[in-house]
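structure-v4.txt follows (compact mmCIF, C-alpha atoms):
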```txt
# COMPACT_ATOMS: atom_id res chain seq x y z
CA MET A 1 0.00 0.00 0.00
CA THR A 2 1.40 3.41 -1.01
CA TYR A 3 1.53 6.33 1.37
CA GLY A 4 -1.29 8.04 -0.54
CA GLU A 5 -3.54 5.01 -0.05
CA LYS A 6 -2.68 4.86 3.63
CA LEU A 7 -3.56 8.54 3.88
CA ASN A 8 -6.96 7.90 2.38
CA GLU A 9 -7.66 5.41 5.15
CA GLN A 10 -6.19 7.36 8.05
CA MET A 11 -7.14 11.02 8.07
CA THR A 12 -4.54 12.31 10.51
CA ASN A 13 -0.81 11.61 10.53
CA THR A 14 2.18 13.07 12.24
CA ILE A 15 4.11 14.77 9.44
CA THR A 16 7.86 14.38 9.72
CA CYS A 17 9.18 15.00 6.21
CA ALA A 18 8.60 16.51 2.79
CA PRO A 19 7.09 13.45 1.01
CA GLU A 20 4.35 13.28 3.63
CA TYR A 21 3.64 17.01 3.32
CA ASP A 22 3.57 16.68 -0.48
CA GLN A 23 0.91 14.00 -0.24
CA LEU A 24 -1.22 16.38 1.77
CA ILE A 25 -0.64 19.12 -0.83
CA LEU A 26 -2.04 16.77 -3.46
CA ARG A 27 -4.91 15.96 -1.14
CA THR A 28 -6.08 19.59 -1.07
CA GLY A 29 -7.40 19.05 -4.59
CA VAL A 30 -10.12 16.65 -3.41
CA ASN A 31 -13.22 16.95 -1.22
CA ARG A 32 -14.44 19.98 -3.13
CA GLN A 33 -17.88 21.41 -3.75
CA PRO A 34 -19.23 21.46 -7.34
CA ASN A 35 -17.98 25.05 -7.74
CA GLY A 36 -14.46 23.96 -6.80
CA THR A 37 -14.30 25.45 -3.30
CA PRO A 38 -13.12 23.12 -0.50
CA VAL A 39 -15.43 21.53 2.04
CA LEU A 40 -14.11 23.05 5.29
CA THR A 41 -15.03 22.29 8.89
CA SER A 42 -15.15 24.98 11.57
CA GLN A 43 -11.83 23.73 12.94
CA GLU A 44 -10.20 24.09 9.52
CA VAL A 45 -11.62 27.60 9.09
CA ASP A 46 -10.21 28.48 12.52
CA LEU A 47 -6.79 27.25 11.40
CA LEU A 48 -7.02 29.43 8.30
CA ARG A 49 -7.77 32.39 10.57
CA GLU A 50 -4.73 31.55 12.69
CA LEU A 51 -2.62 31.49 9.53
CA GLN A 52 -4.08 34.85 8.56
CA GLN A 53 -3.03 36.31 11.92
CA ILE A 54 0.52 35.04 11.42
CA PHE A 55 0.79 36.33 7.85
CA ASP A 56 -0.68 39.65 8.95
CA LYS A 57 2.59 40.28 10.81
CA ILE A 58 4.55 40.19 7.54
CA ASP A 59 5.12 43.46 5.70
CA HIS A 60 4.20 43.68 2.00
CA ASP A 61 3.24 46.30 -0.57
CA GLN A 62 -0.32 46.96 -1.70
CA ASN A 63 0.07 45.06 -4.96
CA SER A 64 1.22 41.78 -3.43
CA ASN A 65 0.36 39.30 -0.73
CA PRO A 66 2.57 38.40 2.24
CA CYS A 67 4.68 35.35 1.39
CA VAL A 68 7.51 33.34 2.93
CA TRP A 69 9.52 30.18 2.33
CA ILE A 70 9.27 27.20 4.63
CA VAL A 71 11.80 24.37 4.68
CA ILE A 72 11.00 20.72 5.37
CA PRO A 73 13.57 17.89 5.52
CA ARG A 74 13.45 15.19 2.89
CA GLY A 75 13.61 12.50 5.52
CA PRO A 76 14.55 8.83 5.09
CA ILE A 77 13.70 6.97 1.91
CA GLU A 78 11.13 4.78 3.69
CA ASN A 79 9.02 7.85 4.43
CA TRP A 80 8.74 8.45 0.71
CA GLU A 81 7.95 4.87 -0.28
CA THR A 82 8.83 1.55 1.26
CA TRP A 83 11.02 -0.92 -0.59
CA GLU A 84 8.08 -3.33 -0.78
CA ASP A 85 5.73 -0.72 -2.23
CA ALA A 86 8.35 0.41 -4.76
CA GLN A 87 8.68 -3.17 -6.02
CA GLU A 88 4.92 -3.60 -6.27
CA TYR A 89 3.78 -0.25 -7.65
CA ASP A 90 6.82 1.20 -9.46
CA GLU A 91 8.22 -2.09 -10.83
CA ILE A 92 11.53 -1.40 -9.11
CA LYS A 93 13.87 -4.40 -9.24
CA THR A 94 17.04 -3.29 -7.47
CA ARG A 95 17.99 -1.15 -4.49
CA ASP A 96 19.95 1.14 -6.80
CA GLU A 97 16.83 1.79 -8.89
CA TYR A 98 14.89 2.40 -5.69
CA GLU A 99 17.36 5.02 -4.45
CA ASP A 100 17.74 6.61 -7.91
CA LEU A 101 13.99 7.14 -8.17
CA TRP A 102 13.87 8.63 -4.67
CA GLU A 103 16.72 11.02 -5.48
CA TYR A 104 15.03 11.95 -8.76
CA TYR A 105 11.96 13.18 -6.88
CA TYR A 106 13.86 14.41 -3.81
CA PRO A 107 17.43 15.32 -4.84
CA ASP A 108 18.11 17.64 -1.88
CA ASP A 109 18.23 17.02 1.86
CA ASN A 110 15.77 19.87 2.41
CA CYS A 111 12.71 20.81 0.39
CA TRP A 112 11.47 24.38 -0.06
CA TYR A 113 7.87 25.56 -0.19
CA HIS A 114 6.63 29.00 -1.17
CA CYS A 115 3.66 30.07 0.96
CA ALA A 116 1.37 33.05 0.47
CA PHE A 117 -1.82 34.31 2.08
CA SER A 118 -4.50 36.54 0.61
CA THR A 119 -7.28 38.26 2.52
CA THR A 120 -9.87 41.00 2.15
CA GLU A 121 -11.76 43.27 4.53
CA GLU A 122 -14.88 41.18 3.87
CA GLY A 123 -13.24 38.15 5.50
CA TYR A 124 -12.11 36.27 2.40
CA MET A 125 -9.05 34.09 3.11
CA ALA A 126 -6.85 32.06 0.77
CA PHE A 127 -3.74 30.05 1.63
CA LEU A 128 -1.43 28.95 -1.18
CA VAL A 129 1.57 26.63 -1.02
CA ASN A 130 3.76 25.63 -3.99
CA ASN A 131 6.52 23.02 -3.97
CA GLY A 132 7.77 23.71 -7.50
CA ARG A 133 5.55 20.98 -8.96
CA ASP A 134 2.13 21.24 -7.35
CA THR A 135 0.09 23.99 -5.76
CA ALA A 136 -2.23 23.69 -2.77
CA PHE A 137 -4.94 26.34 -2.68
CA LEU A 138 -7.46 26.53 0.15
CA ARG A 139 -9.90 29.43 0.39
CA PHE A 140 -12.85 30.46 2.48
CA ASP A 141 -15.26 33.30 1.78
CA PRO A 142 -17.83 33.87 4.59
CA ARG A 143 -20.10 35.68 2.13
CA GLU A 144 -20.73 32.55 0.08
CA ASP A 145 -19.02 29.49 1.59
CA LYS A 146 -20.65 27.17 4.07
CA VAL A 147 -18.89 25.80 7.19
CA TYR A 148 -19.50 22.06 7.41
CA GLU A 149 -19.98 20.01 10.56
CA ASN A 150 -20.06 16.26 11.09
CA VAL A 151 -17.91 15.64 8.00
CA GLU A 152 -14.41 14.24 7.67
CA SER A 153 -11.63 16.80 8.01
CA TYR A 154 -9.54 16.43 4.89
CA TYR A 155 -7.19 19.35 5.48
CA ILE A 156 -6.70 19.65 9.21
CA GLU A 157 -3.33 17.91 9.44
CA TYR A 158 -2.05 19.90 6.45
CA LEU A 159 -3.17 23.20 7.99
CA ARG A 160 -1.78 22.38 11.43
CA TYR A 161 1.63 21.49 10.06
CA SER A 162 1.65 24.50 7.74
CA LEU A 163 0.83 26.75 10.67
CA ASP A 164 3.73 25.32 12.69
CA ARG A 165 6.17 25.86 9.83
CA VAL A 166 5.01 29.43 9.12
CA GLU A 167 5.28 30.27 12.83
CA GLU A 168 8.83 28.92 12.74
CA THR A 169 9.58 31.22 9.81
CA VAL A 170 8.19 34.23 11.67
CA ARG A 171 10.48 33.39 14.61
CA LYS A 172 13.42 33.51 12.18
CA LEU A 173 12.22 36.89 10.96
CA LYS A 174 12.14 38.10 14.56
CA ASP A 175 15.67 36.93 15.33
CA GLY A 176 17.01 38.26 12.00
CA THR A 177 18.16 34.97 10.45
CA TYR A 178 15.46 34.41 7.81
CA ASN A 179 16.73 36.67 4.99
CA SER A 180 20.37 35.62 5.36
CA ASP A 181 19.31 31.97 5.26
CA ILE A 182 17.33 32.57 2.07
CA GLU A 183 20.23 34.36 0.39
CA LYS A 184 22.66 31.57 1.28
CA LYS A 185 20.53 28.44 0.99
CA LEU A 186 17.59 28.95 -1.38
CA PRO A 187 18.16 26.58 -4.34
CA PHE A 188 18.86 28.27 -7.66
CA LYS A 189 15.77 26.66 -9.23
CA TYR A 190 13.67 28.99 -7.07
CA ARG A 191 15.59 32.16 -7.96
CA THR A 192 15.32 34.82 -10.65
CA GLY A 193 18.06 35.79 -13.07
CA THR A 194 18.99 36.40 -16.69
CA MET A 195 21.12 34.51 -19.20
CA PRO A 196 22.45 35.90 -22.51
CA ARG A 197 20.51 34.27 -25.34
CA GLU A 198 23.79 33.63 -27.13
CA MET A 199 25.00 31.59 -24.14
CA LEU A 200 21.78 29.57 -24.03
CA TRP A 201 22.15 28.78 -27.74
CA LYS A 202 25.72 27.66 -27.10
CA LEU A 203 24.70 25.39 -24.22
CA VAL A 204 21.58 24.02 -25.93
CA PRO A 205 21.63 24.60 -29.71
CA GLU A 206 18.02 23.51 -30.13
CA PHE A 207 16.94 26.75 -28.41
CA CYS A 208 18.12 28.50 -31.58
CA GLU A 209 15.64 26.43 -33.59
CA TYR A 210 12.97 27.06 -30.98
CA ASP A 211 13.50 30.85 -31.10
CA ARG A 212 13.38 30.93 -34.91
CA ASP A 213 10.16 28.88 -34.87
CA GLY A 214 10.51 27.42 -38.37
CA LEU A 215 11.03 30.76 -40.13
CA SER A 216 13.42 30.82 -43.11
CA GLU A 217 16.42 33.12 -43.41
CA GLU A 218 14.54 35.04 -46.11
CA GLU A 219 11.53 35.55 -43.84
CA ILE A 220 13.78 36.73 -41.01
CA ALA A 221 15.59 39.14 -43.36
CA ASP A 222 12.25 40.55 -44.52
CA PHE A 223 11.14 40.91 -40.91
CA GLU A 224 14.29 42.82 -39.98
CA LYS A 225 13.80 45.17 -42.95
CA ASN A 226 10.13 45.70 -42.17
CA THR A 227 10.73 46.43 -38.47
CA ALA A 228 13.45 48.94 -39.42
CA ASN A 229 10.93 50.78 -41.63
CA MET A 230 8.02 50.48 -39.18
CA LEU A 231 6.41 53.72 -38.08
CA SER A 232 5.80 54.28 -34.39
CA GLU A 233 2.38 53.48 -32.99
CA ASP A 234 1.53 57.20 -32.94
CA GLU A 235 2.72 57.82 -36.49
CA ASN A 236 0.84 55.11 -38.36
CA ALA A 237 -2.50 56.93 -38.53
CA ILE A 238 -4.88 55.98 -41.34
CA PRO A 239 -7.50 58.61 -42.29
CA HIS A 240 -9.98 56.23 -43.93
CA PHE A 241 -10.73 52.57 -43.34
CA THR A 242 -13.55 50.03 -43.64
CA SER A 243 -14.27 46.58 -42.28
CA ARG A 244 -13.86 45.25 -45.82
CA GLU A 245 -10.22 46.29 -45.70
CA PHE A 246 -9.78 44.66 -42.31
CA PHE A 247 -11.14 41.31 -43.53
CA ARG A 248 -9.08 41.60 -46.73
CA LEU A 249 -5.88 42.09 -44.72
CA CYS A 250 -6.84 39.17 -42.49
CA ARG A 251 -7.12 37.00 -45.58
CA LEU A 252 -3.60 37.97 -46.65
CA GLY A 253 -2.30 37.19 -43.18
CA TYR A 254 -4.09 33.84 -42.98
CA ARG A 255 -2.71 32.74 -46.33
CA GLU A 256 0.84 33.08 -45.04
CA ALA A 257 0.47 32.41 -41.32
CA TYR A 258 -2.24 29.73 -41.32
CA PRO A 259 -1.74 27.79 -44.60
CA GLU A 260 -2.93 24.50 -43.13
CA ARG A 261 -6.41 25.97 -42.56
CA TYR A 262 -6.55 28.56 -45.34
CA ASP A 263 -9.39 28.07 -47.82
CA SER A 264 -9.05 30.01 -51.07
CA PHE A 265 -12.70 29.38 -51.98
CA MET A 266 -14.17 31.13 -48.92
CA ASN A 267 -14.95 34.84 -48.98
CA ASP A 268 -13.00 37.13 -46.64
CA VAL A 269 -15.65 37.36 -43.91
CA ASP A 270 -16.37 33.63 -43.80
CA LEU A 271 -12.65 32.88 -43.69
CA TYR A 272 -12.30 35.28 -40.76
CA ARG A 273 -15.23 33.65 -38.96
CA ARG A 274 -13.67 30.24 -39.49
CA LEU A 275 -10.12 31.04 -38.37
CA SER A 276 -10.53 33.79 -35.78
CA ASP A 277 -12.02 33.69 -32.28
CA SER A 278 -15.22 34.78 -34.14
CA ARG A 279 -16.72 36.69 -31.17
CA ASP A 280 -16.71 39.90 -33.19
CA ASP A 281 -19.57 41.86 -31.57
CA GLY A 282 -21.28 42.25 -34.92
CA LEU A 283 -18.28 43.63 -36.84
CA SER A 284 -18.87 41.15 -39.67
CA LYS A 285 -22.52 42.23 -40.02
CA ILE A 286 -22.07 45.93 -40.77
CA ARG A 287 -21.80 47.21 -44.35
CA SER A 288 -18.25 46.25 -45.20
CA ASP A 289 -17.71 49.16 -47.64
CA SER A 290 -18.99 51.84 -45.24
CA GLU A 291 -16.52 53.84 -43.21
CA GLU A 292 -19.47 55.56 -41.55
CA GLU A 293 -20.85 52.24 -40.25
CA LEU A 294 -17.43 51.20 -38.99
CA ARG A 295 -17.23 54.44 -37.00
CA ARG A 296 -20.75 53.87 -35.68
CA TRP A 297 -19.72 50.34 -34.71
CA PHE A 298 -16.74 51.75 -32.78
CA SER A 299 -19.08 54.15 -30.97
CA GLY A 300 -21.11 51.13 -29.83
CA GLU A 301 -24.20 52.04 -31.84
CA LEU A 302 -23.96 49.01 -34.17
CA GLN A 303 -22.27 46.55 -31.87
CA GLU A 304 -23.97 43.25 -31.02
CA PHE A 305 -22.18 41.94 -27.95
CA ASN A 306 -21.11 38.29 -28.19
CA GLY A 307 -17.79 38.20 -26.34
CA SER A 308 -15.77 41.22 -27.50
CA HIS A 309 -12.87 39.46 -29.21
CA PRO A 310 -13.13 40.92 -32.72
CA TRP A 311 -9.38 41.35 -33.15
CA GLU A 312 -8.29 37.86 -32.00
CA VAL A 313 -7.50 36.71 -35.51
CA ILE A 314 -5.61 33.58 -34.41
CA PRO A 315 -7.17 32.17 -31.25
CA GLY A 316 -5.24 31.00 -28.20
CA GLY A 317 -4.91 31.66 -24.50
CA ASN A 318 -4.57 35.05 -22.86
CA ALA A 319 -0.95 35.33 -23.98
CA THR A 320 -0.83 32.79 -26.81
CA HIS A 321 -3.12 34.29 -29.43
CA VAL A 322 -2.48 36.72 -32.27
CA SER A 323 -4.47 39.94 -32.23
CA PHE A 324 -4.81 42.32 -35.17
CA ASP A 325 -6.38 45.40 -33.65
CA VAL A 326 -8.03 48.29 -35.41
CA TYR A 327 -8.60 51.29 -33.16
CA LEU A 328 -9.60 54.91 -33.42
CA ASP A 329 -7.47 57.63 -31.89
CA LYS A 330 -8.81 60.85 -30.35
CA ASN A 331 -8.53 62.58 -33.74
CA GLY A 332 -10.72 60.00 -35.45
CA LYS A 333 -7.85 58.32 -37.30
CA PHE A 334 -7.53 54.55 -37.61
CA HIS A 335 -4.52 52.49 -36.51
CA LEU A 336 -3.50 48.87 -37.15
CA PHE A 337 -1.78 47.05 -34.31
CA LEU A 338 -0.45 43.46 -34.33
CA ASN A 339 0.41 41.54 -31.17
CA GLY A 340 1.43 37.92 -30.73
CA LYS A 341 4.94 37.50 -29.41
CA TYR A 342 4.29 33.93 -28.25
CA ARG A 343 3.03 32.83 -31.68
CA THR A 344 6.24 33.81 -33.42
CA HIS A 345 5.96 32.37 -36.91
CA GLU A 346 2.27 33.28 -37.27
CA VAL A 347 2.64 36.90 -36.19
CA VAL A 348 5.85 37.44 -38.19
CA ARG A 349 4.28 36.07 -41.37
CA PHE A 350 1.13 38.11 -40.76
CA PHE A 351 3.25 41.23 -40.28
CA ASN A 352 5.52 40.60 -43.27
CA THR A 353 2.51 40.04 -45.54
CA ILE A 354 0.79 43.30 -44.61
CA CYS A 355 4.08 45.19 -44.99
CA ARG A 356 4.69 43.56 -48.38
CA GLU A 357 1.18 44.45 -49.56
CA GLY A 358 1.97 48.02 -48.57
CA THR A 359 -1.47 49.67 -48.51
CA TYR A 360 -1.51 50.47 -44.80
CA PRO A 361 1.11 50.93 -42.07
CA VAL A 362 0.95 48.42 -39.25
CA TYR A 363 2.63 48.47 -35.85
CA LEU A 364 3.91 45.22 -34.31
CA ALA A 365 4.24 45.07 -30.52
CA ASP A 366 7.55 43.72 -29.16
CA ALA A 367 9.15 43.80 -32.61
CA ALA A 368 12.63 44.53 -31.23
CA GLU A 369 12.41 41.65 -28.75
CA ILE A 370 11.16 39.25 -31.44
CA LEU A 371 14.10 40.27 -33.63
CA GLU A 372 16.46 39.46 -30.75
CA ARG A 373 15.13 35.91 -30.89
CA PHE A 374 16.31 35.59 -34.48
CA LYS A 375 19.70 37.25 -34.01
CA GLY A 376 20.63 35.44 -30.80
CA THR A 377 20.90 38.67 -28.84
CA GLY A 378 19.23 39.97 -25.72
CA LEU A 379 18.47 37.97 -22.62
CA TYR A 380 16.45 34.99 -21.52
CA GLY A 381 14.80 35.34 -18.14
CA ILE A 382 15.34 32.60 -15.56
CA VAL A 383 12.29 32.36 -13.31
CA PRO A 384 11.56 30.20 -10.26
CA ASP A 385 10.03 26.80 -10.88
CA GLN A 386 6.76 27.84 -9.23
CA VAL A 387 6.30 30.84 -11.57
CA PRO A 388 4.48 30.40 -14.93
CA LEU A 389 6.54 31.29 -17.98
CA THR A 390 3.81 33.25 -19.75
CA TYR A 391 3.82 36.52 -17.81
CA VAL A 392 7.40 37.33 -16.86
CA ARG A 393 7.90 40.99 -17.72
CA ASP A 394 7.12 42.24 -14.22
CA ARG A 395 10.01 40.21 -12.84
CA PHE A 396 12.46 42.15 -15.04
CA PRO A 397 11.35 45.78 -14.83
CA GLU A 398 14.69 47.15 -16.00
CA ARG A 399 14.81 45.06 -19.21
CA GLU A 400 12.38 44.18 -21.98
CA ILE A 401 12.40 40.41 -21.57
CA ILE A 402 9.67 38.35 -23.20
CA ASP A 403 11.24 34.86 -23.09
CA ALA A 404 11.97 32.84 -20.00
CA ILE A 405 12.77 29.32 -18.86
CA HIS A 406 12.97 27.45 -15.59
CA LEU A 407 16.41 26.30 -14.54
CA SER A 408 14.94 22.80 -14.29
CA ASP A 409 14.14 22.95 -18.03
CA LEU A 410 17.87 22.43 -18.66
CA GLU A 411 18.17 19.31 -16.51
CA ASP A 412 17.54 16.91 -19.40
CA TYR A 413 20.52 18.15 -21.44
CA ASN A 414 23.33 16.72 -19.27
CA LEU A 415 24.96 20.12 -18.87
CA ASP A 416 27.66 21.09 -16.41
CA SER A 417 25.50 22.58 -13.64
CA GLU A 418 28.30 24.87 -12.43
CA GLU A 419 28.78 26.26 -15.95
CA VAL A 420 25.04 26.89 -16.26
CA ILE A 421 24.72 28.59 -12.88
CA SER A 422 27.82 30.75 -13.44
CA SER A 423 26.50 31.94 -16.83
CA ILE A 424 23.38 33.41 -15.19
CA SER A 425 23.23 36.84 -13.58
CA TRP A 426 21.24 36.16 -10.42
CA TYR A 427 19.03 38.75 -8.77
CA LYS A 428 19.21 39.34 -5.06
CA GLU A 429 16.20 37.84 -3.32
CA LYS A 430 13.66 40.37 -2.11
CA GLU A 431 13.90 40.72 1.65
CA VAL A 432 10.95 39.83 3.83
CA ASN A 433 10.37 41.85 6.99
CA LEU A 434 7.88 42.01 9.80
CA LYS A 435 5.62 44.99 10.19
CA GLN A 436 6.70 47.53 12.75
CA GLY A 437 5.74 46.33 16.20
CA SER A 438 5.38 42.69 15.17
CA LYS A 439 8.85 41.75 16.42
CA LYS A 440 7.71 42.39 19.98
CA ARG A 441 4.63 40.16 19.74
```
As a first step, turn the structure in this file into structure tokens.
Amino acid sequence: MTYGEKLNEQMTNTITCAPEYDQLILRTGVNRQPNGTPVLTSQEVDLLRELQQIFDKIDHDQNSNPCVWIVIPRGPIENWETWEDAQEYDEIKTRDEYEDLWEYYYPDDNCWYHCAFSTTEEGYMAFLVNNGRDTAFLRFDPREDKVYENVESYYIEYLRYSLDRVEETVRKLKDGTYNSDIEKKLPFKYRTGTMPREMLWKLVPEFCEYDRDGLSEEEIADFEKNTANMLSEDENAIPHFTSREFFRLCRLGYREAYPERYDSFMNDVDLYRRLSDSRDDGLSKIRSDSEEELRRWFSGELQEFNGSHPWEVIPGGNATHVSFDVYLDKNGKFHLFLNGKYRTHEVVRFFNTICREGTYPVYLADAAEILERFKGTGLYGIVPDQVPLTYVRDRFPEREIIDAIHLSDLEDYNLDSEEVISSISWYKEKEVNLKQGSKKR
């Protein structure tokens, strides 16, 4: 029987090491209501309130939540999985395989967990813990969440242990050892830094192919020429424009950027409806040759709300779509604006095609940073394992960095770890401090 199965049978355990805590992190994803919120007992809500009181001692700015690191020992191998269970469930045949698998999941003697707490004046509470792989998220909102009685407590042991560890961290903040410990001991995979793109290409040549995203040398040369000639966003005003021209330009872009789905027999509007997000708020229904109707549509008079994504010409996630915006400035002039830095080959081909056609100026967001991808210049951001790679700009306010990796992404390439770490410029970790007066409590 694995530890997880034992945990399902026995609701409370004395946690002694990281593998046991990790099982409880995974467990926070179960016993949820249909809307996804956890089923919490009054005792568990009380523990959340105790955590809130502890985190309330930690200083933070208005745009962030108080957060700290906690450290838990890896413990002996048997606390991760017994030799018998490893043979039965993981098809392990030798002791060496057993220890190798343990060290793969738990390579360090101590494991680090990033903890944060969010609260509002209305009583909302949320406690978040991330171990670099999984995230535990427990929340309670007294305005809409019910407190349950006479039900099994799924989270009580997790919350009790978390509370003990966070209190231990606050004691370190009081005696002044927390920040120095973080600076000296926090593993590099949880730190922020930058690496020259040229160095990354040297270490892992396939990143060059990844950055160029299948574009030919000719396409890259055209892109460099077009970005050099690109007018600024304020300069590319267009006095007259219609929706017909928008759909015509979309067709040109689709032909180059989306050839696998391009249909030469469809008219421009139908092709747009097929390949775009299609929630166009009625843009495709106005008279396509009428500038007056386009202006009335912009004013809201002719809009038919159905999602407000008229410019998402190549669908994707929040950061992984291509948008081709038309907007009106305060002087009543039109502007064309392309954005899609994480869909490199599509947005570059879309941009090159409109520039080649030459009827209208178009501005491409992040053009200089995209060009750095092709030339092997600029920097790659290195972000902590628990941080998503999509939105990284705020972590590098002094540089325009749009590409990032986790240090752990390089583990599969058999690189010299010292060479990798020394090639990265590491940022100093942000200090955590207690609010004034909290040290005395």
(request) Could you check which of A:Asp366, A:Glu157, A:Glu81, A:Asp109 is closest to Ser232 of chain A, using all atoms listed in the file? (result) A:Asp366
(message) Let me make sure I understand: among A:Cys208, A:Cys250, A:Leu294, A:Met266, which one has the smallest atom-to-atom distance to Glu312 of chain A if we use all atoms listed in the file?
(response) A:Cys250
(message) as a ChimeraX atom specification, please: the residues near segment 130-133 of chain A (cut-off 10 Å, all atoms listed in the file, same-chain neighbours under 6 positions excluded).
(response) /A:18,21-22,25,69-70,111-116,189-190,384-387,408
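Note that atom CA of Leu249 of chain A and atom CA of Pro361 of chain A are 11.6 Å apart.
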(message) If I take atom CA of Asn331 of chain A and atom CA of Pro310 of chain A, how far is one from the other in Å, to one decimal?
(response)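 These two atoms are separated by 22.2 Å.
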(request) Quick one: pull the distance between atom CA of Pro205 of chain A and atom CA of Glu418 of chain A, Å, one decimal. (result)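 It comes out at 18.5 Å.
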(message) Need the shell around Trp102 of chain A: protein/DNA/RNA residues with any atom at most 12 Å away, counting only C-alpha atoms. Skip same-chain ones fewer than 6 positions apart. Format as number ranges by chain?
(response) A: 19, 74-83, 86, 90, 92, 95-96, 108-109
Output, as lines of an AutoDock Vina configuration file, the centre and edge lengths in Å (one decimal) of the axis-aligned box that contains all listed atoms of segment 81-94 of chain A with 3 Å of margin on each side.
```
center_x = 10.4
center_y = 0.2
center_z = -4.8
size_x = 19.3
size_y = 15.3
size_z = 18.1
```
(message) Here's a test: counting all atoms listed in the file, identify every protein, DNA and RNA residue with an atom at most 9 Å from (4.6, 37.4, -31.0) in the file's coordinate frame, and state them as a list of chain:residue names.
(response) A:Thr320, A:His321, A:Val322, A:Leu338, A:Asn339, A:Gly340, A:Lys341, A:Tyr342, A:Arg343, A:Thr344, A:His345, A:Glu346, A:Val347, A:Val348, A:Leu364, A:Ala365, A:Asp366, A:Ala367, A:Ile370
Would you mind exporting the chosen residues as a short mmCIF file (atom, residue, chain, number, x, y, z; two decimals), in the coordinates of the input, restricted to C-alpha atoms?
```
data_model
loop_
_atom_site.label_atom_id
_atom_site.label_comp_id
_atom_site.auth_asym_id
_atom_site.auth_seq_id
_atom_site.Cartn_x
_atom_site.Cartn_y
_atom_site.Cartn_z
CA THR A 320 -0.83 32.79 -26.81
CA HIS A 321 -3.12 34.29 -29.43
CA VAL A 322 -2.48 36.72 -32.27
CA LEU A 338 -0.45 43.46 -34.33
CA ASN A 339 0.41 41.54 -31.17
CA GLY A 340 1.43 37.92 -30.73
CA LYS A 341 4.94 37.50 -29.41
CA TYR A 342 4.29 33.93 -28.25
CA ARG A 343 3.03 32.83 -31.68
CA THR A 344 6.24 33.81 -33.42
CA HIS A 345 5.96 32.37 -36.91
CA GLU A 346 2.27 33.28 -37.27
CA VAL A 347 2.64 36.90 -36.19
CA VAL A 348 5.85 37.44 -38.19
CA LEU A 364 3.91 45.22 -34.31
CA ALA A 365 4.24 45.07 -30.52
CA ASP A 366 7.55 43.72 -29.16
CA ALA A 367 9.15 43.80 -32.61
CA ILE A 370 11.16 39.25 -31.44
#
```
Closest atom pairs, segment 111-201 of chain A residues within 9 Å of segment 43-59 of chain A, all atoms listed in the file, as CSV:
```
residue,atom,partner,partner_atom,distance
A:Ala116,CA,A:Phe55,CA,8.1
A:Phe117,CA,A:Phe55,CA,6.6
A:Ser118,CA,A:Gln52,CA,8.1
A:Thr119,CA,A:Gln52,CA,7.6
A:Met125,CA,A:Leu48,CA,7.3
A:Ala126,CA,A:Leu48,CA,8.0
A:Phe127,CA,A:Leu48,CA,7.5
A:Leu138,CA,A:Leu48,CA,8.7
A:Arg139,CA,A:Leu48,CA,8.4
A:Phe140,CA,A:Val45,CA,7.3
A:Val147,CA,A:Val45,CA,7.7
A:Ser153,CA,A:Glu44,CA,7.6
A:Tyr154,CA,A:Glu44,CA,9.0
A:Tyr155,CA,A:Glu44,CA,6.9
A:Ile156,CA,A:Glu44,CA,5.7
A:Leu159,CA,A:Leu47,CA,6.4
A:Arg160,CA,A:Leu47,CA,7.0
A:Ser162,CA,A:Leu51,CA,8.4
A:Leu163,CA,A:Leu51,CA,6.0
A:Val166,CA,A:Ile54,CA,7.5
A:Glu167,CA,A:Ile54,CA,6.9
A:Val170,CA,A:Ile54,CA,7.7
```
